[in-house]
Amino acid sequence: MPGAAGELDISPLHDVMLVETERSTIDNMSVDRYLQRRQERGDDGVWISTVPPDELRDSAAAAPAGRPLSGLTFAVKDNIDVAGLPTTAACPDYEYRPERTAPVVQRLLDAGAVLVGKTNLDQFATGLTGARSPYGTPESVFGGGLIAGGSSSGSAVAVAAGLVDFALGTDTAGSGRVPAAFNGIVGVKPTRGLLSTLGVVPACRSLDCVSIFAPDVTAASAVLRVARGPEDDDPWSRVGPDTVRDPATLRLGVPADLDFFGDAGQEKAFADGAGRLGASTTVDVGPLLEAGDLLYRGPWVAERLAGLDDFLRARPESVLPVTRAVLETGRAFSAADAFRARHRLQELRAWTARLWRRIDALVLPTVGTTYTHAEIAADPIGRNLDLGRYTQFANLLDLAAVTVPNGFTADGRPASLTVFGPAFSDGTLALLAAALPPPEMITIAVVGLHLSGEPRNGELLDRGATLVGAARTAPCYRLYRLPSGVPGLVRAPDGQPIEVELWQLPAATVGGLLAGVAAPLSLGRVQLADGTDVTGFLCETYAAAGAEDITASGGWRNHRLGGQHT
């Protein structure tokens with residue numbers, strides 16, 4: 001890519017990206033926030049080991065100030081070494097105590113970031129579900145029994161739940177992208193070797209990457225800037241050109257045909273997202289998917305076995321049955337099989353190189369569909385392969401990738417897309433991903449059971465809604481407690497201001513929310529005290545007859561706190 005038209009020097013762009021994350025002083029606010037959030041969430045399956053609170057505060061106080069990441073908290077997946085904390089790879093009997101911190105982690109510490117702990121993962125980083133660990137099973141922050149995605153499940157949830165500012169995972173088949181998709185955050189899978197894998201428990205050594213989870217592309221890019229760099233002792237470490245191209249100059253490819261496994265919502269979300277990004281050049285991705293099939297259906301699974309074979313033979317009972325079953329398929333491949341597959345991969349790499357003559361970046365759904373824990377339990381291996389359909393070819397073909405949220409489906413499932421480019425296009429992909437226009441959002445006023453903390457608030461959270469804040473209606477409404485026990489807001493000439501909450505909701509999910517609203521309630525236009533109109537919950541006037549008038553309370557929450565009806 002160096003020398004191509006439209007290229008820019010990446011350094012000043014990275015300086016801009018760093019502005020939002022620079023800190024001049026360190027205090028304990030970030031650490032205290034993490035401790036409070038961890039206590040609030042309880043046993044959520046995110047952590048395998050954590051730094052004790054007193055030691056954590058001491059580390060924060062001793063961390064260098066005035067550095068690019070000063071004061072930011074982070075976590076690392078528990079297959080990455082940190083001196084003083086055990087490394088388990090989610091297998092208790094495999095645990096060891098490293099003497100040296102992995103260089104990629106040390107770079108972050110030297111930049112002022114504060115490490116709070118080690119996160120849960122699919123055992124030995126083998127899986128994309130987040131449901132293969134003896135240390136518990138994290139759930140997506142969107143609830144509803146949705147998996148967190150794996151293998152870097154704990155790292156993704158730690159970021160999405162606001163426990164830490166960023167986190168490290170690893171990505172061999174998609175483990176830095178699938179969990180990002182299930183939790184509505186950014187996942188960066190850098191070019192192989194850009195971040196050192198020294199001090200990382202190998203999954204598939206020739207393909208492994210350290211990945212980055214962050215709330216947005218700006219934060220992820222700041223972390224990548226600090227963490228990248230060669231390591232003399234790491235034979236897989238690489239350096240490449242440090243340039244980016246203006247996203248407006250890029251030719252963006254989109255697949256001619258995709259399998260969404262019957263999920264029409266994800267199919268529509270992807271079409272909408274690719275359209276907003278401006279992807280218009282249709283390409284055949286069959287050869288990419290064929291390359292991906294080599295990872296688990298070909299001899300590269302033997303490379304996974306190579307690093308764990310001695311442990312697996314000596315302690316088979318220590319490995320989860322599903323993990324053991326995957327690893328042991330590696331015994332079926334011969335050296336001749338490995339060479340045949342390697343030769344075919346070289347042909348597919350040549351095809352991919354020709355693809356980059358037609359396009360500059362490729363846009364794909366991160367996953368074709370989403371699954372609950374119950375659905376994964378019914379078919380743990382088959383559905384795991386579904387999740388990796390559009391991720392697992394990346395490292396085999398030496399690609400860089402950035403995953404970003406892409407709104408929600410009508411039934412409230414998170415959608416996501418990933419942009420791919422050739423090796424060392426990391427900066428270009430970051431700018432492209434950051435340029436994705438957000439989905440259309442609608443502001444909704446809620447007055448009763450959908451308020452935060454009330455029984456039906458989860459219907460908003462499950463659809464990706466975010467709280468804007470409290471507000472009051474114009475003085476033209478009355479509030480009733482209907483015989484069914486739910487509140488009803490009715491427009492009336494003798495009304496009073498009523499307290500409401502304003503929530504932002506992806507437009508695509510409003511239909512699903514409305515489908516769960518029973519008469520006499522409906523969605524309509526609600527006038528606020530400042531004169532603006534928003535969509536909100538209203539009640540048909542006829543239902544007020546015989547209902548208890550609770551307007552004087554000023555709102556449903558005040559009514560409940562008054563003890564009239566609990």
# chains A, B, ... in the order shown; residues from 1 in each chain; ligands from 1
>>> residues_around(residues="range 419-429 of chain A", least_positions_apart="2", cutoff="9 Å", atoms="only C-alpha atoms", output="number ranges by chain")
A: 1, 10, 13-14, 188-192, 194, 221, 239-247, 352-353, 356, 360-366, 394, 397-404, 417, 431-434
>>> residues_around(residues="range 110-114 of chain A", least_positions_apart="3", cutoff="8 Å", atoms="only C-alpha atoms", output="mmCIF file with N, CA and C atoms, in the first residue's frame")
data_model
loop_
_atom_site.group_PDB
_atom_site.id
_atom_site.type_symbol
_atom_site.label_atom_id
_atom_site.label_comp_id
_atom_site.auth_asym_id
_atom_site.auth_seq_id
_atom_site.Cartn_x
_atom_site.Cartn_y
_atom_site.Cartn_z
ATOM 1 N N LEU A 56 -4.009 -3.048 43.954
ATOM 2 C CA LEU A 56 -4.427 -2.352 42.740
ATOM 3 C C LEU A 56 -4.283 -0.843 42.919
ATOM 4 N N SER A 59 -0.707 0.050 42.726
ATOM 5 C CA SER A 59 -0.224 0.016 41.340
ATOM 6 C C SER A 59 -0.644 1.270 40.594
ATOM 7 N N ALA A 60 -1.885 1.718 40.849
ATOM 8 C CA ALA A 60 -2.364 2.931 40.188
ATOM 9 C C ALA A 60 -1.544 4.141 40.625
ATOM 10 N N ALA A 63 1.905 3.975 38.937
ATOM 11 C CA ALA A 63 1.951 3.969 37.475
ATOM 12 C C ALA A 63 2.446 5.319 36.967
ATOM 13 N N PRO A 64 3.219 5.322 35.887
ATOM 14 C CA PRO A 64 3.760 6.589 35.372
ATOM 15 C C PRO A 64 2.664 7.518 34.877
ATOM 16 N N ALA A 65 2.769 8.783 35.251
ATOM 17 C CA ALA A 65 1.798 9.784 34.822
ATOM 18 C C ALA A 65 2.251 10.440 33.523
ATOM 19 N N GLY A 66 1.299 11.109 32.856
ATOM 20 C CA GLY A 66 1.646 11.843 31.654
ATOM 21 C C GLY A 66 1.969 10.978 30.457
ATOM 22 N N ARG A 67 1.606 9.694 30.516
ATOM 23 C CA ARG A 67 1.851 8.784 29.398
ATOM 24 C C ARG A 67 0.567 8.614 28.578
ATOM 25 N N PRO A 68 0.650 8.033 27.394
ATOM 26 C CA PRO A 68 -0.540 7.935 26.527
ATOM 27 C C PRO A 68 -1.738 7.239 27.155
ATOM 28 N N LEU A 69 -1.502 6.263 28.052
ATOM 29 C CA LEU A 69 -2.607 5.507 28.631
ATOM 30 C C LEU A 69 -2.725 5.710 30.146
ATOM 31 N N SER A 70 -2.112 6.747 30.665
ATOM 32 C CA SER A 70 -2.088 6.961 32.112
ATOM 33 C C SER A 70 -3.503 7.012 32.691
ATOM 34 N N GLY A 71 -3.707 6.219 33.739
ATOM 35 C CA GLY A 71 -4.975 6.219 34.449
ATOM 36 C C GLY A 71 -6.021 5.292 33.877
ATOM 37 N N LEU A 72 -5.780 4.674 32.722
ATOM 38 C CA LEU A 72 -6.762 3.765 32.140
ATOM 39 C C LEU A 72 -6.609 2.375 32.735
ATOM 40 N N THR A 73 -7.723 1.717 33.012
ATOM 41 C CA THR A 73 -7.695 0.348 33.513
ATOM 42 C C THR A 73 -7.853 -0.627 32.361
ATOM 43 N N PHE A 74 -7.227 -1.791 32.521
ATOM 44 C CA PHE A 74 -7.372 -2.815 31.488
ATOM 45 C C PHE A 74 -7.267 -4.202 32.098
ATOM 46 N N GLN A 106 3.522 -5.497 29.011
ATOM 47 C CA GLN A 106 4.491 -4.586 29.623
ATOM 48 C C GLN A 106 4.489 -3.225 28.933
ATOM 49 N N ARG A 107 4.296 -3.214 27.624
ATOM 50 C CA ARG A 107 4.232 -1.945 26.893
ATOM 51 C C ARG A 107 3.066 -1.086 27.399
ATOM 52 N N VAL A 226 0.362 1.968 21.129
ATOM 53 C CA VAL A 226 1.286 1.736 22.228
ATOM 54 C C VAL A 226 1.806 0.295 22.229
#
>>> residues_around(residues="Val116 in chain A", least_positions_apart="2", cutoff="9 Å", atoms="only C-alpha atoms", output="ChimeraX atom specification")
/A:31,34,50-53,56,73-76,114,118,164
>>> write_last_selection(atoms="C-alpha atoms", output="PDB file, in the first residue's frame")
ATOM      1  CA  VAL A  31      -9.762   1.898  39.849  1.00  0.00           C
ATOM      2  CA  TYR A  34     -13.854  -0.845  38.402  1.00  0.00           C
ATOM      3  CA  THR A  50      -7.845 -10.308  39.933  1.00  0.00           C
ATOM      4  CA  VAL A  51      -5.402  -7.933  41.571  1.00  0.00           C
ATOM      5  CA  PRO A  52      -6.361  -7.358  45.248  1.00  0.00           C
ATOM      6  CA  PRO A  53      -7.902  -3.895  45.861  1.00  0.00           C
ATOM      7  CA  LEU A  56      -4.427  -2.352  42.740  1.00  0.00           C
ATOM      8  CA  THR A  73      -7.695   0.348  33.513  1.00  0.00           C
ATOM      9  CA  PHE A  74      -7.372  -2.815  31.488  1.00  0.00           C
ATOM     10  CA  ALA A  75      -7.644  -6.586  31.705  1.00  0.00           C
ATOM     11  CA  VAL A  76      -5.935  -9.385  29.817  1.00  0.00           C
ATOM     12  CA  VAL A 114      -3.333  -0.117  35.230  1.00  0.00           C
ATOM     13  CA  LYS A 118      -7.065 -11.855  34.091  1.00  0.00           C
ATOM     14  CA  VAL A 164     -12.353  -1.584  32.326  1.00  0.00           C
TER      15      VAL A 164
END
>>> residues_around(residues="Val157 in chain A", least_positions_apart="6", cutoff="12 Å", atoms="only C-alpha atoms", output="ChimeraX atom specification")
/A:38,41,44-47,75-77,119-121,130,137-143,147-151,163-169,176,178-187,213-215
>>> select_by_dssp(residues="range 345-487 of chain A", states="alpha helix (DSSP H)", output="JSON, numbers by chain")
{"A": [345, 346, 347, 348, 349, 350, 351, 352, 353, 354, 355, 356, 357, 358, 373, 374, 375, 376, 377, 378, 380, 381, 382, 383, 384, 385, 386, 387, 426, 427, 428, 429, 430, 431, 432, 433, 434, 458, 459, 460, 461]}
>>> write_last_selection(atoms="N, CA and C atoms", output="CSV table (one decimal), in the first residue's frame")
chain,number,residue,atom,x,y,z
A,345,LEU,N,-3.5,-23.7,0.4
A,345,LEU,CA,-3.6,-22.4,1.0
A,345,LEU,C,-2.7,-21.4,0.2
A,346,GLN,N,-1.6,-21.8,-0.3
A,346,GLN,CA,-0.8,-20.9,-1.1
A,346,GLN,C,-1.5,-20.4,-2.3
A,347,GLU,N,-2.3,-21.3,-2.9
A,347,GLU,CA,-3.1,-20.9,-4.1
A,347,GLU,C,-4.2,-19.9,-3.7
A,348,LEU,N,-4.8,-20.2,-2.5
A,348,LEU,CA,-5.8,-19.3,-2.0
A,348,LEU,C,-5.3,-17.9,-1.6
A,349,ARG,N,-4.0,-17.9,-1.1
A,349,ARG,CA,-3.4,-16.6,-0.8
A,349,ARG,C,-3.1,-15.9,-2.1
A,350,ALA,N,-2.7,-16.6,-3.2
A,350,ALA,CA,-2.5,-15.9,-4.5
A,350,ALA,C,-3.8,-15.3,-5.0
A,351,TRP,N,-4.9,-16.1,-4.8
A,351,TRP,CA,-6.2,-15.5,-5.2
A,351,TRP,C,-6.6,-14.3,-4.5
A,352,THR,N,-6.3,-14.3,-3.2
A,352,THR,CA,-6.6,-13.2,-2.3
A,352,THR,C,-5.8,-11.9,-2.7
A,353,ALA,N,-4.5,-12.2,-3.1
A,353,ALA,CA,-3.7,-11.1,-3.5
A,353,ALA,C,-4.2,-10.4,-4.8
A,354,ARG,N,-4.8,-11.2,-5.7
A,354,ARG,CA,-5.4,-10.7,-6.9
A,354,ARG,C,-6.7,-9.9,-6.5
A,355,LEU,N,-7.4,-10.3,-5.4
A,355,LEU,CA,-8.6,-9.6,-5.0
A,355,LEU,C,-8.3,-8.2,-4.6
A,356,TRP,N,-7.1,-8.0,-4.0
A,356,TRP,CA,-6.8,-6.6,-3.5
A,356,TRP,C,-6.4,-5.7,-4.7
A,357,ARG,N,-6.4,-6.3,-5.9
A,357,ARG,CA,-6.2,-5.4,-7.1
A,357,ARG,C,-7.5,-4.8,-7.5
A,358,ARG,N,-8.6,-5.5,-7.1
A,358,ARG,CA,-10.0,-5.0,-7.4
A,358,ARG,C,-10.6,-4.1,-6.4
A,373,HIS,N,-27.2,-19.6,25.0
A,373,HIS,CA,-26.4,-20.7,25.6
A,373,HIS,C,-27.2,-22.0,25.4
A,374,ALA,N,-28.5,-22.0,25.4
A,374,ALA,CA,-29.3,-23.2,25.2
A,374,ALA,C,-29.0,-23.7,23.8
A,375,GLU,N,-29.0,-22.8,22.8
A,375,GLU,CA,-28.8,-23.2,21.4
A,375,GLU,C,-27.4,-23.8,21.2
A,376,ILE,N,-26.4,-23.2,21.9
A,376,ILE,CA,-25.0,-23.7,21.8
A,376,ILE,C,-24.9,-25.1,22.4
A,377,ALA,N,-25.6,-25.3,23.6
A,377,ALA,CA,-25.6,-26.6,24.3
A,377,ALA,C,-26.2,-27.7,23.4
A,378,ALA,N,-27.1,-27.3,22.6
A,378,ALA,CA,-27.8,-28.3,21.7
A,378,ALA,C,-26.8,-28.8,20.6
A,380,PRO,N,-22.9,-27.9,20.2
A,380,PRO,CA,-21.7,-27.1,20.6
A,380,PRO,C,-20.7,-27.0,19.5
A,381,ILE,N,-20.5,-28.0,18.7
A,381,ILE,CA,-19.4,-27.9,17.7
A,381,ILE,C,-19.9,-27.4,16.3
A,382,GLY,N,-21.1,-27.8,15.9
A,382,GLY,CA,-21.7,-27.3,14.7
A,382,GLY,C,-22.0,-25.8,14.7
A,383,ARG,N,-22.5,-25.3,15.8
A,383,ARG,CA,-22.8,-23.9,15.9
A,383,ARG,C,-21.6,-23.0,16.1
A,384,ASN,N,-20.6,-23.6,16.7
A,384,ASN,CA,-19.3,-23.0,16.8
A,384,ASN,C,-18.7,-22.7,15.4
A,385,LEU,N,-18.8,-23.7,14.5
A,385,LEU,CA,-18.4,-23.5,13.2
A,385,LEU,C,-19.2,-22.4,12.5
A,386,ASP,N,-20.5,-22.3,12.7
A,386,ASP,CA,-21.3,-21.2,12.2
A,386,ASP,C,-20.7,-19.9,12.6
A,387,LEU,N,-20.3,-19.7,13.8
A,387,LEU,CA,-19.9,-18.5,14.3
A,387,LEU,C,-18.5,-18.1,13.7
A,426,ASP,N,-3.8,-1.9,8.9
A,426,ASP,CA,-4.5,-1.7,10.1
A,426,ASP,C,-5.0,-0.3,10.3
A,427,GLY,N,-4.1,0.7,10.0
A,427,GLY,CA,-4.5,2.1,10.2
A,427,GLY,C,-5.7,2.5,9.3
A,428,THR,N,-5.6,2.0,8.0
A,428,THR,CA,-6.6,2.3,7.0
A,428,THR,C,-8.0,1.7,7.5
A,429,LEU,N,-7.9,0.5,8.0
A,429,LEU,CA,-9.2,-0.2,8.5
A,429,LEU,C,-9.8,0.6,9.7
A,430,ALA,N,-8.9,1.1,10.5
A,430,ALA,CA,-9.4,1.8,11.7
A,430,ALA,C,-10.1,3.0,11.3
A,431,LEU,N,-9.6,3.8,10.4
A,431,LEU,CA,-10.3,5.0,9.9
A,431,LEU,C,-11.6,4.6,9.2
A,432,LEU,N,-11.5,3.6,8.4
A,432,LEU,CA,-12.7,3.1,7.7
A,432,LEU,C,-13.8,2.7,8.7
A,433,ALA,N,-13.5,1.9,9.7
A,433,ALA,CA,-14.4,1.5,10.6
A,433,ALA,C,-15.0,2.6,11.4
A,434,ALA,N,-14.2,3.6,11.8
A,434,ALA,CA,-14.6,4.8,12.5
A,434,ALA,C,-15.6,5.6,11.7
A,458,GLY,N,-35.8,-4.4,31.1
A,458,GLY,CA,-34.9,-5.3,30.3
A,458,GLY,C,-35.3,-5.3,28.9
A,459,GLU,N,-36.6,-5.1,28.6
A,459,GLU,CA,-37.0,-5.1,27.2
A,459,GLU,C,-36.3,-4.0,26.4
A,460,LEU,N,-36.0,-2.9,27.0
A,460,LEU,CA,-35.2,-1.8,26.4
A,460,LEU,C,-33.8,-2.2,26.3
A,461,LEU,N,-33.2,-2.7,27.4
A,461,LEU,CA,-31.8,-3.0,27.4
A,461,LEU,C,-31.5,-4.1,26.4
>>> atom_distance(atom1="CA of Arg97 in chain A", atom2="CA of Asn395 in chain A")
29.2 Å
>>> atom_distance(atom1="CA of Leu312 in chain A", atom2="CA of Ile48 in chain A")
21.5 Å
>>> atom_distance(atom1="CA of Lys268 in chain A", atom2="CA of Thr409 in chain A")
7.9 Å
>>> closest_residue(among="A:Gly174, A:Gly536, A:Gly330, A:Gly229", to="Thr197 in chain A", atoms="only C-alpha atoms")
A:Gly229
>>> residues_around(residues="Leu258 in chain A", least_positions_apart="3", cutoff="10 Å", atoms="only C-alpha atoms", output="list in words")
Val254, Pro255, Phe261, Glu267, Asp284, Val285, Gly286, Leu364, Pro365, Gly368, Arg389 and Tyr390 of chain A
>>> decode(residues="range 124-152 of chain A", atoms="N, CA and C atoms", output="PDB file, in the first residue's frame")
ATOM      1  N   PHE A 124      -8.124 -23.146  26.603  1.00  0.00           N
ATOM      2  CA  PHE A 124      -7.016 -23.177  25.634  1.00  0.00           C
ATOM      3  C   PHE A 124      -7.348 -22.374  24.373  1.00  0.00           C
ATOM      4  N   ALA A 125      -8.204 -21.369  24.540  1.00  0.00           N
ATOM      5  CA  ALA A 125      -8.592 -20.497  23.413  1.00  0.00           C
ATOM      6  C   ALA A 125      -9.122 -21.308  22.242  1.00  0.00           C
ATOM      7  N   THR A 126      -9.819 -22.380  22.567  1.00  0.00           N
ATOM      8  CA  THR A 126     -10.365 -23.269  21.543  1.00  0.00           C
ATOM      9  C   THR A 126     -11.885 -23.177  21.573  1.00  0.00           C
ATOM     10  N   GLY A 127     -12.423 -22.305  20.737  1.00  0.00           N
ATOM     11  CA  GLY A 127     -13.867 -22.119  20.685  1.00  0.00           C
ATOM     12  C   GLY A 127     -14.227 -20.662  20.452  1.00  0.00           C
ATOM     13  N   LEU A 128     -15.443 -20.440  19.987  1.00  0.00           N
ATOM     14  CA  LEU A 128     -15.931 -19.094  19.704  1.00  0.00           C
ATOM     15  C   LEU A 128     -17.221 -18.782  20.456  1.00  0.00           C
ATOM     16  N   THR A 129     -17.525 -19.574  21.486  1.00  0.00           N
ATOM     17  CA  THR A 129     -18.820 -19.433  22.157  1.00  0.00           C
ATOM     18  C   THR A 129     -18.742 -18.755  23.524  1.00  0.00           C
ATOM     19  N   GLY A 130     -17.615 -18.837  24.202  1.00  0.00           N
ATOM     20  CA  GLY A 130     -17.536 -18.353  25.579  1.00  0.00           C
ATOM     21  C   GLY A 130     -18.191 -19.286  26.573  1.00  0.00           C
ATOM     22  N   ALA A 131     -18.500 -20.500  26.142  1.00  0.00           N
ATOM     23  CA  ALA A 131     -19.209 -21.461  26.996  1.00  0.00           C
ATOM     24  C   ALA A 131     -18.361 -22.690  27.299  1.00  0.00           C
ATOM     25  N   ARG A 132     -17.033 -22.565  27.183  1.00  0.00           N
ATOM     26  CA  ARG A 132     -16.156 -23.723  27.373  1.00  0.00           C
ATOM     27  C   ARG A 132     -15.104 -23.430  28.440  1.00  0.00           C
ATOM     28  N   SER A 133     -15.560 -23.138  29.643  1.00  0.00           N
ATOM     29  CA  SER A 133     -14.619 -22.836  30.723  1.00  0.00           C
ATOM     30  C   SER A 133     -15.122 -23.393  32.037  1.00  0.00           C
ATOM     31  N   PRO A 134     -14.231 -23.964  32.844  1.00  0.00           N
ATOM     32  CA  PRO A 134     -14.633 -24.411  34.184  1.00  0.00           C
ATOM     33  C   PRO A 134     -14.728 -23.260  35.175  1.00  0.00           C
ATOM     34  N   TYR A 135     -14.397 -22.042  34.753  1.00  0.00           N
ATOM     35  CA  TYR A 135     -14.430 -20.883  35.648  1.00  0.00           C
ATOM     36  C   TYR A 135     -15.728 -20.085  35.526  1.00  0.00           C
ATOM     37  N   GLY A 136     -16.744 -20.680  34.930  1.00  0.00           N
ATOM     38  CA  GLY A 136     -18.010 -19.982  34.781  1.00  0.00           C
ATOM     39  C   GLY A 136     -18.246 -19.579  33.337  1.00  0.00           C
ATOM     40  N   THR A 137     -19.434 -19.087  33.079  1.00  0.00           N
ATOM     41  CA  THR A 137     -19.834 -18.777  31.709  1.00  0.00           C
ATOM     42  C   THR A 137     -20.378 -17.353  31.644  1.00  0.00           C
ATOM     43  N   PRO A 138     -19.612 -16.437  31.086  1.00  0.00           N
ATOM     44  CA  PRO A 138     -20.126 -15.069  30.938  1.00  0.00           C
ATOM     45  C   PRO A 138     -21.312 -15.041  29.974  1.00  0.00           C
ATOM     46  N   GLU A 139     -22.158 -14.059  30.162  1.00  0.00           N
ATOM     47  CA  GLU A 139     -23.288 -13.831  29.255  1.00  0.00           C
ATOM     48  C   GLU A 139     -23.111 -12.483  28.585  1.00  0.00           C
ATOM     49  N   SER A 140     -23.612 -12.365  27.376  1.00  0.00           N
ATOM     50  CA  SER A 140     -23.587 -11.078  26.686  1.00  0.00           C
ATOM     51  C   SER A 140     -24.200  -9.996  27.567  1.00  0.00           C
ATOM     52  N   VAL A 141     -23.675  -8.783  27.452  1.00  0.00           N
ATOM     53  CA  VAL A 141     -24.231  -7.674  28.242  1.00  0.00           C
ATOM     54  C   VAL A 141     -25.664  -7.354  27.824  1.00  0.00           C
ATOM     55  N   PHE A 142     -26.111  -7.891  26.692  1.00  0.00           N
ATOM     56  CA  PHE A 142     -27.474  -7.637  26.248  1.00  0.00           C
ATOM     57  C   PHE A 142     -28.461  -8.640  26.823  1.00  0.00           C
ATOM     58  N   GLY A 143     -27.992  -9.609  27.623  1.00  0.00           N
ATOM     59  CA  GLY A 143     -28.880 -10.507  28.343  1.00  0.00           C
ATOM     60  C   GLY A 143     -29.636 -11.452  27.428  1.00  0.00           C
ATOM     61  N   GLY A 144     -30.767 -11.899  27.926  1.00  0.00           N
ATOM     62  CA  GLY A 144     -31.606 -12.789  27.147  1.00  0.00           C
ATOM     63  C   GLY A 144     -31.023 -14.171  26.930  1.00  0.00           C
ATOM     64  N   GLY A 145     -30.064 -14.569  27.766  1.00  0.00           N
ATOM     65  CA  GLY A 145     -29.435 -15.871  27.598  1.00  0.00           C
ATOM     66  C   GLY A 145     -28.449 -15.927  26.455  1.00  0.00           C
ATOM     67  N   LEU A 146     -28.106 -14.782  25.871  1.00  0.00           N
ATOM     68  CA  LEU A 146     -27.214 -14.723  24.719  1.00  0.00           C
ATOM     69  C   LEU A 146     -25.779 -15.023  25.154  1.00  0.00           C
ATOM     70  N   ILE A 147     -25.069 -15.830  24.370  1.00  0.00           N
ATOM     71  CA  ILE A 147     -23.677 -16.113  24.692  1.00  0.00           C
ATOM     72  C   ILE A 147     -22.847 -14.841  24.604  1.00  0.00           C
ATOM     73  N   ALA A 148     -21.721 -14.836  25.291  1.00  0.00           N
ATOM     74  CA  ALA A 148     -20.802 -13.702  25.215  1.00  0.00           C
ATOM     75  C   ALA A 148     -19.904 -13.793  23.998  1.00  0.00           C
ATOM     76  N   GLY A 149     -19.835 -14.975  23.378  1.00  0.00           N
ATOM     77  CA  GLY A 149     -18.875 -15.184  22.298  1.00  0.00           C
ATOM     78  C   GLY A 149     -17.516 -15.510  22.880  1.00  0.00           C
ATOM     79  N   GLY A 150     -16.705 -16.218  22.097  1.00  0.00           N
ATOM     80  CA  GLY A 150     -15.397 -16.611  22.608  1.00  0.00           C
ATOM     81  C   GLY A 150     -14.349 -16.524  21.519  1.00  0.00           C
ATOM     82  N   SER A 151     -13.140 -16.941  21.821  1.00  0.00           N
ATOM     83  CA  SER A 151     -12.786 -17.457  23.128  1.00  0.00           C
ATOM     84  C   SER A 151     -12.520 -16.369  24.159  1.00  0.00           C
ATOM     85  N   SER A 152     -12.377 -15.116  23.684  1.00  0.00           N
ATOM     86  CA  SER A 152     -12.024 -14.020  24.597  1.00  0.00           C
ATOM     87  C   SER A 152     -13.256 -13.445  25.276  1.00  0.00           C
TER      88      SER A 152
END
